[in-house]
$ cat model.txt   # compact mmCIF, C-alpha atoms
# COMPACT_ATOMS: atom_id res chain seq x y z
CA MET A 19 0.00 0.00 0.00
CA ARG A 20 1.17 3.41 -0.80
CA LEU A 21 -0.31 6.78 -0.24
CA HIS A 22 -0.02 10.41 -1.06
CA PHE A 23 3.60 10.18 -0.22
CA ALA A 24 4.59 11.21 -3.59
CA VAL A 25 3.61 14.53 -2.33
CA LEU A 26 7.12 14.91 -0.98
CA LEU A 27 7.56 17.68 -3.56
CA VAL A 28 9.92 19.77 -1.55
CA CYS A 29 10.26 23.53 -1.51
CA VAL A 30 13.98 23.75 -2.26
CA CYS A 31 15.62 25.73 -5.01
CA LEU A 32 19.25 24.64 -4.67
CA LEU A 33 19.09 20.87 -5.12
CA PRO A 34 22.15 19.17 -6.65
CA SER A 35 22.05 16.06 -8.78
CA VAL A 36 22.51 12.72 -7.01
CA ASP A 37 24.66 10.27 -8.97
CA ALA A 38 25.30 7.58 -6.36
CA LEU A 39 23.32 4.41 -6.94
CA ALA A 40 21.73 2.48 -4.10
CA ASP A 41 20.21 -0.97 -3.85
CA PRO A 42 16.40 -1.21 -4.16
CA VAL A 43 14.42 -2.71 -1.28
CA ARG A 44 13.99 -6.48 -1.41
CA VAL A 45 10.49 -7.94 -1.45
CA ARG A 46 9.64 -9.54 1.89
CA TYR A 47 5.85 -9.23 1.57
CA LYS A 48 4.21 -9.51 -1.84
CA GLU A 49 1.66 -6.83 -2.70
CA GLY A 50 -1.90 -7.88 -3.53
CA VAL A 51 -5.30 -6.50 -4.45
CA ILE A 52 -6.36 -3.59 -2.22
CA HIS A 53 -9.27 -1.17 -1.96
CA GLY A 54 -8.96 1.14 1.00
CA PHE A 55 -10.23 4.46 2.33
CA PHE A 56 -8.27 7.33 3.85
CA VAL A 57 -8.85 10.71 5.39
CA LEU A 58 -6.51 13.65 4.86
CA SER A 59 -6.26 16.21 7.69
CA THR A 60 -4.21 19.15 8.84
CA LEU A 61 -2.02 18.50 11.88
CA ASP A 62 -4.64 20.14 14.12
CA GLY A 63 -7.12 17.44 13.07
CA THR A 64 -9.22 19.41 10.57
CA GLN A 65 -10.36 17.02 7.83
CA ILE A 66 -9.78 18.45 4.36
CA ALA A 67 -10.13 15.51 1.94
CA ASP A 68 -11.33 11.92 1.50
CA GLY A 69 -9.12 9.34 -0.19
CA ASP A 70 -9.92 6.27 -2.24
CA LEU A 71 -7.13 3.77 -2.92
CA THR A 72 -7.21 0.89 -5.40
CA GLN A 73 -4.38 -1.51 -6.15
CA VAL A 74 -4.32 -4.38 -8.64
CA VAL A 75 -1.55 -6.87 -9.39
CA HIS A 76 -0.86 -8.74 -12.63
CA ALA A 77 2.05 -11.18 -12.33
CA ASP A 78 4.80 -9.05 -10.73
CA ARG A 79 3.37 -5.70 -11.92
CA ILE A 80 1.59 -3.49 -9.35
CA THR A 81 -0.73 -0.65 -10.38
CA ASN A 82 -1.69 1.65 -7.52
CA HIS A 83 -4.12 4.58 -7.77
CA LEU A 84 -4.93 7.01 -4.94
CA VAL A 85 -7.35 9.91 -5.34
CA PHE A 86 -7.99 12.58 -2.70
CA ARG A 87 -11.07 14.76 -3.22
CA PHE A 88 -11.00 17.94 -1.18
CA LYS A 89 -13.93 19.72 0.42
CA ASP A 90 -13.18 22.84 -1.65
CA GLY A 91 -13.30 20.87 -4.91
CA SER A 92 -9.54 20.39 -5.27
CA LEU A 93 -8.11 17.10 -6.50
CA GLN A 94 -4.95 15.12 -5.88
CA ASP A 95 -4.63 12.12 -8.21
CA GLU A 96 -1.61 9.84 -7.91
CA SER A 97 -0.81 6.71 -9.93
CA THR A 98 2.18 4.41 -9.47
CA VAL A 99 3.20 1.42 -11.55
CA SER A 100 5.96 -0.76 -10.10
CA SER A 101 7.33 -4.30 -10.16
CA GLN A 102 7.96 -6.73 -7.30
CA ARG A 103 10.27 -9.35 -8.77
CA ASP A 104 12.77 -9.98 -5.97
CA VAL A 105 13.03 -6.21 -5.38
CA PHE A 106 10.64 -3.29 -5.72
CA ARG A 107 11.29 -1.08 -8.75
CA LEU A 108 9.36 1.94 -9.94
CA ILE A 109 8.20 1.75 -13.58
CA ASN A 110 6.01 4.83 -14.08
CA TYR A 111 4.69 7.57 -11.81
CA HIS A 112 2.08 10.29 -12.33
CA LEU A 113 0.79 12.98 -9.94
CA VAL A 114 -1.82 15.70 -10.48
CA GLN A 115 -2.63 18.44 -7.95
CA LYS A 116 -5.19 21.07 -8.92
CA GLY A 117 -7.86 23.29 -7.41
CA PRO A 118 -8.05 26.08 -4.78
CA THR A 119 -6.04 24.12 -2.20
CA PHE A 120 -2.97 24.20 -4.44
CA GLN A 121 -1.54 27.64 -5.06
CA HIS A 122 0.37 26.30 -8.05
CA PRO A 123 -1.44 23.48 -9.94
CA LEU A 124 1.05 20.72 -10.71
CA GLU A 125 1.43 17.62 -12.84
CA VAL A 126 4.48 15.36 -12.58
CA SER A 127 5.20 12.29 -14.69
CA ILE A 128 8.18 9.92 -14.49
CA VAL A 129 9.05 7.26 -17.07
CA VAL A 130 11.86 5.23 -15.53
CA SER A 131 12.83 3.30 -18.67
CA THR A 132 13.77 6.51 -20.49
CA GLY A 133 14.66 8.65 -17.46
CA GLN A 134 12.27 11.35 -18.67
CA VAL A 135 10.67 13.51 -15.99
CA THR A 136 8.10 16.12 -17.00
CA VAL A 137 6.66 18.79 -14.72
CA HIS A 138 3.65 20.91 -15.74
CA PHE A 139 3.03 23.79 -13.33
CA THR A 140 1.50 27.24 -13.06
CA ASP A 141 3.89 30.04 -12.10
CA ASP A 142 3.25 33.05 -9.84
CA LYS A 143 1.81 34.97 -12.79
CA GLY A 144 -0.70 32.22 -13.57
CA LYS A 145 1.14 31.14 -16.70
CA GLU A 146 1.44 27.45 -17.48
CA GLN A 147 5.00 26.17 -17.72
CA VAL A 148 6.60 22.84 -18.64
CA LYS A 149 9.98 21.55 -17.45
CA THR A 150 11.36 18.33 -18.94
CA GLU A 151 14.58 16.63 -17.89
CA ARG A 152 16.17 13.32 -18.79
CA LEU A 153 17.75 12.06 -15.57
CA LYS A 154 19.88 9.07 -14.67
CA LEU A 155 17.29 7.43 -12.43
CA PRO A 156 18.68 5.01 -9.82
CA PRO A 157 17.11 1.59 -9.11
CA ASP A 158 16.04 2.65 -5.60
CA LEU A 159 13.74 5.44 -6.85
CA ALA A 160 10.94 5.66 -4.27
CA ASN A 161 8.32 8.07 -5.66
CA GLY A 162 4.92 6.68 -4.73
CA LEU A 163 6.43 3.65 -3.00
CA VAL A 164 7.57 4.84 0.42
CA PRO A 165 4.94 3.11 2.63
CA THR A 166 5.30 -0.11 0.60
CA LEU A 167 9.06 -0.04 1.01
CA LEU A 168 8.82 0.70 4.74
CA ARG A 169 6.61 -2.36 5.22
CA ASN A 170 9.40 -4.44 3.73
CA ILE A 171 12.25 -2.96 5.78
CA ARG A 172 13.08 -4.47 9.13
CA ALA A 173 12.38 -2.09 12.02
CA ASP A 174 15.82 -2.81 13.46
CA ALA A 175 17.58 -2.03 10.17
CA PRO A 176 20.19 0.74 10.30
CA LYS A 177 19.53 4.11 8.68
CA ILE A 178 18.78 3.67 5.01
CA GLN A 179 18.65 6.01 2.03
CA LEU A 180 16.33 6.01 -0.97
CA SER A 181 16.28 8.25 -4.04
CA MET A 182 13.39 10.54 -5.00
CA VAL A 183 12.58 12.92 -7.81
CA VAL A 184 11.28 16.26 -6.52
CA ALA A 185 9.90 19.25 -8.41
CA THR A 186 11.41 22.62 -7.54
CA PRO A 187 9.69 23.06 -10.08
CA LYS A 188 12.62 21.81 -12.17
CA PRO A 189 12.85 18.03 -11.62
CA ARG A 190 15.83 16.99 -9.48
CA LEU A 191 17.10 13.91 -7.70
CA VAL A 192 17.55 13.96 -3.92
CA LYS A 193 18.19 11.39 -1.20
CA LEU A 194 15.60 10.43 1.40
CA ALA A 195 17.24 9.40 4.68
CA ILE A 196 15.03 7.08 6.76
CA THR A 197 15.51 6.15 10.42
CA ALA A 198 13.33 4.20 12.84
CA ASN A 199 12.42 6.30 15.87
CA GLY A 200 11.04 3.70 18.26
CA GLU A 201 7.43 2.63 18.65
CA ASP A 202 4.34 4.75 19.34
CA PRO A 203 1.16 3.32 20.90
CA PHE A 204 -2.30 3.60 19.35
CA THR A 205 -5.70 2.09 20.06
CA PHE A 206 -8.70 0.83 18.10
CA GLY A 207 -11.82 0.00 20.04
CA ALA A 208 -10.69 -1.60 23.30
CA SER A 209 -7.45 -2.94 21.80
CA SER A 210 -4.01 -1.35 21.76
CA ARG A 211 -1.02 -1.77 19.47
CA LYS A 212 2.38 -0.17 18.84
CA ALA A 213 3.54 1.07 15.45
CA THR A 214 7.11 1.70 14.36
CA HIS A 215 7.68 5.42 13.83
CA TYR A 216 9.89 6.25 10.83
CA VAL A 217 11.40 9.70 10.32
CA LEU A 218 12.12 10.69 6.73
CA LYS A 219 14.51 13.53 6.00
CA VAL A 220 15.29 14.96 2.58
CA ASP A 221 19.08 15.06 2.31
CA ILE A 222 20.00 17.96 0.06
CA GLY A 223 23.73 17.41 0.51
CA GLY A 224 26.72 19.44 -0.63
CA VAL A 225 26.92 23.21 -0.38
CA ALA A 226 23.18 23.50 -0.96
CA GLY A 227 22.58 21.45 2.18
CA LEU A 228 24.64 23.87 4.24
CA VAL A 229 22.97 26.95 2.80
CA ALA A 230 19.35 25.76 2.81
CA PRO A 231 18.74 26.15 6.59
CA LEU A 232 20.04 29.71 6.44
CA LEU A 233 17.68 30.55 3.57
CA GLY A 234 14.70 28.93 5.26
CA LYS A 235 14.53 26.35 2.48
CA GLU A 236 15.27 23.22 4.50
CA PRO A 237 12.22 20.96 4.08
CA PRO A 238 10.56 19.64 7.24
CA ASP A 239 10.91 15.98 8.21
CA SER A 240 8.09 13.63 7.25
CA HIS A 241 6.83 10.79 9.45
CA VAL A 242 5.29 7.38 8.74
CA TRP A 243 3.91 4.80 11.20
CA ILE A 244 3.95 1.12 10.24
CA LEU A 245 2.36 -1.70 12.25
CA GLY A 246 4.74 -4.67 12.08
CA GLY A 247 4.20 -8.38 12.56
CA GLU A 248 3.33 -11.13 10.07
CA ALA A 249 1.30 -8.71 7.94
CA PRO A 250 2.83 -5.20 8.22
CA THR A 251 0.50 -2.36 7.34
CA PHE A 252 0.46 1.41 7.04
CA VAL A 253 -1.19 3.23 9.96
CA LYS A 254 -0.51 6.95 9.54
CA SER A 255 1.75 9.49 7.85
CA GLU A 256 2.53 13.18 8.23
CA ALA A 257 4.09 14.34 4.99
CA LEU A 258 4.69 17.51 3.02
CA SER A 259 1.62 18.52 1.05
CA TYR A 260 3.17 20.43 -1.85
CA MET A 261 6.04 22.82 -2.57
CA GLY A 262 6.26 25.24 0.32
CA GLY A 263 3.05 23.85 1.80
CA PRO A 264 2.17 22.45 5.24
CA LEU A 265 2.42 18.91 6.55
CA TRP A 266 -0.76 16.88 6.09
CA ARG A 267 -1.80 13.79 8.02
CA THR A 268 -3.09 10.68 6.21
CA GLU A 269 -4.92 7.99 8.18
CA LEU A 270 -7.01 4.92 7.53
CA VAL A 271 -10.76 5.40 7.87
CA SER A 272 -13.71 2.99 8.11
CA PRO A 273 -16.99 3.37 6.18
CA VAL A 274 -19.85 4.94 8.11
CA TRP A 275 -23.24 3.35 7.55
CA PRO A 276 -26.53 5.28 7.77
CA LYS A 277 -28.69 4.57 10.77
CA ALA A 278 -31.42 2.08 9.93
CA THR A 279 -34.18 0.15 11.60
CA SER A 280 -33.55 -3.44 12.66
CA PRO A 281 -33.49 -6.04 9.83
CA ASP A 282 -36.68 -7.69 11.12
CA SER A 283 -38.63 -4.48 10.71
CA LYS A 284 -38.06 -4.40 6.92
CA ASP A 285 -40.65 -7.11 6.21
CA GLY A 286 -42.98 -5.99 8.95
CA SER A 287 -42.36 -9.11 11.00
CA ALA A 288 -40.70 -7.37 13.93
CA ALA A 289 -42.49 -7.86 17.20
CA LYS A 290 -44.48 -4.89 18.39
CA HIS A 291 -43.93 -3.67 21.93

$ encode --input "model.txt" --output "structure tokens"
Amino acid sequence: MRLHFAVLLVCVCLLPSVDALADPVRVRYKEGVIHGFFVLSTLDGTQIADGDLTQVVHADRITNHLVFRFKDGSLQDESTVSSQRDVFRLINYHLVQKGPTFQHPLEVSIVVSTGQVTVHFTDDKGKEQVKTERLKLPPDLANGLVPTLLRNIRADAPKIQLSMVVATPKPRLVKLAITANGEDPFTFGASSRKATHYVLKVDIGGVAGLVAPLLGKEPPDSHVWILGGEAPTFVKSEALSYMGGPLWRTELVSPVWPKATSPDSKDGSAAKH
């Protein structure tokens, strides 16, 4: 399962290229068919959007589609195609953000086989712009895959790094440093569990990394909680919403059914009192 994590589109203007290659994450738990529901909130708990996730698998090819529909009519539509043959590898990625919530409407597409990354965006003057780059994309590229990869990483593993393409709006490669930060408790009904808390930090590196904090351009850390065990699952994330935007919280949500009379009353056979 993967969520709006691709929304790690960081507000940085001094990102260098990343040439070092890293190993992709090995498959410990095969992905399957999924249809889930999410709620997107601000960190103060205000709900701003409802999410619908579908995932289908054909052989070793995973197609994942997550759509968030906002209360103000905005839309965030994210599609990820990846493979899970021994290791997870991104194949194609597509993200659309549009509507009043997003100051600068954005569309990002990544074709890994060719290395082509295209960013459509609207600038401060309301003019549509297109940036296209052909990048040397590493095998550990994690756009749209972060929660899936975290479910397949051991909680006691040392600090790891993954690669990501970010839009600044020019497409660039950066490193995502991931560390486990202990376990946090949560409850559902009368039961309690503990989820591993992962901290994700965009590593700008080089001179840009030294200058960014001084310029106020250092992106905030993101956080993901994964419930471990025999069937690891995503529980919650707090990730960057869009370039220069706030952190948003994504959580699982259960369907709410309308109140209805008892089943017996439908055919008129319910006992009268």

$ closest_residue --input "model.txt" --among "A:Met182, A:Ile52, A:Val57, A:Leu159" --to "Leu270 (chain A)" --atoms "all atoms listed in the file"
A:Val57

$ atom_distance --input "model.txt" --atom1 "CA of Thr136 (chain A)" --atom2 "CA of Phe56 (chain A)"
27.9 Å

$ atom_distance --input "model.txt" --atom1 "CA of Leu71 (chain A)" --atom2 "CA of Val85 (chain A)"
6.6 Å

$ residues_near_point --input "model.txt" --point "(-1.4, -0.6, 18.1)" --cutoff "12 Å" --atoms "only C-alpha atoms" --output "JSON, numbers by chain"
{"A": [201, 202, 203, 204, 205, 206, 207, 208, 209, 210, 211, 212, 213, 214, 215, 243, 244, 245, 246, 247, 250, 251, 252, 253, 254]}

$ closest_residue --input "model.txt" --among "A:Ser100, A:Ser272, A:Gln179, A:Ser255" --to "Lys219 (chain A)" --atoms "all atoms listed in the file"
A:Gln179

$ closest_atom_pairs --input "model.txt" --of "region 38-87 of chain A" --to "region 102-116 of chain A" --cutoff "8 Å" --atoms "all atoms listed in the file" --output "JSON lines"
{"residue": "A:Pro42", "atom": "CA", "partner": "A:Val105", "partner_atom": "CA", "distance": 6.2}
{"residue": "A:Val43", "atom": "CA", "partner": "A:Val105", "partner_atom": "CA", "distance": 5.6}
{"residue": "A:Arg44", "atom": "CA", "partner": "A:Val105", "partner_atom": "CA", "distance": 4.1}
{"residue": "A:Val45", "atom": "CA", "partner": "A:Val105", "partner_atom": "CA", "distance": 5.0}
{"residue": "A:Lys48", "atom": "CA", "partner": "A:Gln102", "partner_atom": "CA", "distance": 7.2}
{"residue": "A:Glu49", "atom": "CA", "partner": "A:Gln102", "partner_atom": "CA", "distance": 7.8}
{"residue": "A:Asp78", "atom": "CA", "partner": "A:Gln102", "partner_atom": "CA", "distance": 5.2}
{"residue": "A:Arg79", "atom": "CA", "partner": "A:Gln102", "partner_atom": "CA", "distance": 6.6}
{"residue": "A:Ile80", "atom": "CA", "partner": "A:Gln102", "partner_atom": "CA", "distance": 7.4}

$ closest_residue --input "model.txt" --among "A:Arg152, A:His122, A:His83, A:Arg267" --to "Ala67 (chain A)" --atoms "only C-alpha atoms"
A:Arg267

$ atom_distance --input "model.txt" --atom1 "CA of Val217 (chain A)" --atom2 "CA of Leu258 (chain A)"
12.6 Å

$ closest_residue --input "model.txt" --among "A:Glu256, A:His138, A:Leu180, A:Thr166" --to "Gly63 (chain A)" --atoms "all atoms listed in the file"
A:Glu256

$ closest_residue --input "model.txt" --among "A:Trp275, A:Tyr260, A:Phe55, A:Tyr47" --to "Pro123 (chain A)" --atoms "all atoms listed in the file"
A:Tyr260

$ closest_residue --input "model.txt" --among "A:Ala77, A:Leu191, A:Val148, A:Ile171" --to "Gly133 (chain A)" --atoms "all atoms listed in the file"
A:Leu191

$ decode --input "model.txt" --residues "region 86-110 of chain A" --atoms "N, CA and C atoms" --output "PDB file, in the first residue's frame"
ATOM      1  N   PHE A  86      -7.448  11.798  -3.807  1.00  0.00           N
ATOM      2  CA  PHE A  86      -7.986  12.584  -2.703  1.00  0.00           C
ATOM      3  C   PHE A  86      -8.874  13.676  -3.284  1.00  0.00           C
ATOM      4  N   ARG A  87     -10.123  13.721  -2.813  1.00  0.00           N
ATOM      5  CA  ARG A  87     -11.075  14.763  -3.221  1.00  0.00           C
ATOM      6  C   ARG A  87     -11.287  15.695  -2.041  1.00  0.00           C
ATOM      7  N   PHE A  88     -10.982  16.953  -2.256  1.00  0.00           N
ATOM      8  CA  PHE A  88     -11.004  17.939  -1.185  1.00  0.00           C
ATOM      9  C   PHE A  88     -12.380  18.592  -1.045  1.00  0.00           C
ATOM     10  N   LYS A  89     -12.641  19.089   0.147  1.00  0.00           N
ATOM     11  CA  LYS A  89     -13.930  19.722   0.423  1.00  0.00           C
ATOM     12  C   LYS A  89     -14.143  20.966  -0.413  1.00  0.00           C
ATOM     13  N   ASP A  90     -13.047  21.622  -0.838  1.00  0.00           N
ATOM     14  CA  ASP A  90     -13.176  22.842  -1.651  1.00  0.00           C
ATOM     15  C   ASP A  90     -13.180  22.539  -3.147  1.00  0.00           C
ATOM     16  N   GLY A  91     -13.260  21.245  -3.513  1.00  0.00           N
ATOM     17  CA  GLY A  91     -13.304  20.871  -4.910  1.00  0.00           C
ATOM     18  C   GLY A  91     -11.949  20.549  -5.522  1.00  0.00           C
ATOM     19  N   SER A  92     -10.877  20.704  -4.771  1.00  0.00           N
ATOM     20  CA  SER A  92      -9.542  20.394  -5.275  1.00  0.00           C
ATOM     21  C   SER A  92      -9.374  18.885  -5.439  1.00  0.00           C
ATOM     22  N   LEU A  93      -8.346  18.511  -6.200  1.00  0.00           N
ATOM     23  CA  LEU A  93      -8.106  17.101  -6.499  1.00  0.00           C
ATOM     24  C   LEU A  93      -6.619  16.792  -6.439  1.00  0.00           C
ATOM     25  N   GLN A  94      -6.294  15.666  -5.826  1.00  0.00           N
ATOM     26  CA  GLN A  94      -4.945  15.116  -5.885  1.00  0.00           C
ATOM     27  C   GLN A  94      -5.065  13.681  -6.385  1.00  0.00           C
ATOM     28  N   ASP A  95      -4.490  13.416  -7.548  1.00  0.00           N
ATOM     29  CA  ASP A  95      -4.634  12.122  -8.215  1.00  0.00           C
ATOM     30  C   ASP A  95      -3.234  11.563  -8.453  1.00  0.00           C
ATOM     31  N   GLU A  96      -2.953  10.406  -7.863  1.00  0.00           N
ATOM     32  CA  GLU A  96      -1.612   9.837  -7.907  1.00  0.00           C
ATOM     33  C   GLU A  96      -1.662   8.391  -8.384  1.00  0.00           C
ATOM     34  N   SER A  97      -0.871   8.064  -9.393  1.00  0.00           N
ATOM     35  CA  SER A  97      -0.805   6.707  -9.934  1.00  0.00           C
ATOM     36  C   SER A  97       0.640   6.233  -9.932  1.00  0.00           C
ATOM     37  N   THR A  98       0.841   4.996  -9.512  1.00  0.00           N
ATOM     38  CA  THR A  98       2.177   4.413  -9.469  1.00  0.00           C
ATOM     39  C   THR A  98       2.134   3.017 -10.070  1.00  0.00           C
ATOM     40  N   VAL A  99       3.041   2.753 -10.992  1.00  0.00           N
ATOM     41  CA  VAL A  99       3.200   1.417 -11.546  1.00  0.00           C
ATOM     42  C   VAL A  99       4.596   0.943 -11.170  1.00  0.00           C
ATOM     43  N   SER A 100       4.676  -0.248 -10.570  1.00  0.00           N
ATOM     44  CA  SER A 100       5.964  -0.758 -10.102  1.00  0.00           C
ATOM     45  C   SER A 100       6.006  -2.270 -10.295  1.00  0.00           C
ATOM     46  N   SER A 101       7.175  -2.847 -10.076  1.00  0.00           N
ATOM     47  CA  SER A 101       7.329  -4.295 -10.163  1.00  0.00           C
ATOM     48  C   SER A 101       7.821  -4.835  -8.829  1.00  0.00           C
ATOM     49  N   GLN A 102       7.547  -6.110  -8.563  1.00  0.00           N
ATOM     50  CA  GLN A 102       7.962  -6.733  -7.303  1.00  0.00           C
ATOM     51  C   GLN A 102       8.595  -8.093  -7.561  1.00  0.00           C
ATOM     52  N   ARG A 103       9.528  -8.121  -8.486  1.00  0.00           N
ATOM     53  CA  ARG A 103      10.265  -9.349  -8.769  1.00  0.00           C
ATOM     54  C   ARG A 103      11.585  -9.315  -8.011  1.00  0.00           C
ATOM     55  N   ASP A 104      11.616  -9.959  -6.879  1.00  0.00           N
ATOM     56  CA  ASP A 104      12.770  -9.984  -5.970  1.00  0.00           C
ATOM     57  C   ASP A 104      12.958  -8.647  -5.240  1.00  0.00           C
ATOM     58  N   VAL A 105      12.928  -7.540  -5.984  1.00  0.00           N
ATOM     59  CA  VAL A 105      13.033  -6.213  -5.377  1.00  0.00           C
ATOM     60  C   VAL A 105      11.927  -5.341  -5.942  1.00  0.00           C
ATOM     61  N   PHE A 106      11.620  -4.247  -5.227  1.00  0.00           N
ATOM     62  CA  PHE A 106      10.635  -3.290  -5.716  1.00  0.00           C
ATOM     63  C   PHE A 106      11.332  -2.282  -6.632  1.00  0.00           C
ATOM     64  N   ARG A 107      10.746  -2.077  -7.816  1.00  0.00           N
ATOM     65  CA  ARG A 107      11.286  -1.080  -8.748  1.00  0.00           C
ATOM     66  C   ARG A 107      10.146  -0.258  -9.331  1.00  0.00           C
ATOM     67  N   LEU A 108      10.333   1.051  -9.330  1.00  0.00           N
ATOM     68  CA  LEU A 108       9.356   1.940  -9.942  1.00  0.00           C
ATOM     69  C   LEU A 108       9.440   1.807 -11.460  1.00  0.00           C
ATOM     70  N   ILE A 109       8.265   1.786 -12.121  1.00  0.00           N
ATOM     71  CA  ILE A 109       8.197   1.745 -13.584  1.00  0.00           C
ATOM     72  C   ILE A 109       7.728   3.096 -14.128  1.00  0.00           C
ATOM     73  N   ASN A 110       6.558   3.529 -13.674  1.00  0.00           N
ATOM     74  CA  ASN A 110       6.012   4.828 -14.076  1.00  0.00           C
ATOM     75  C   ASN A 110       5.350   5.492 -12.882  1.00  0.00           C
TER      76      ASN A 110
END
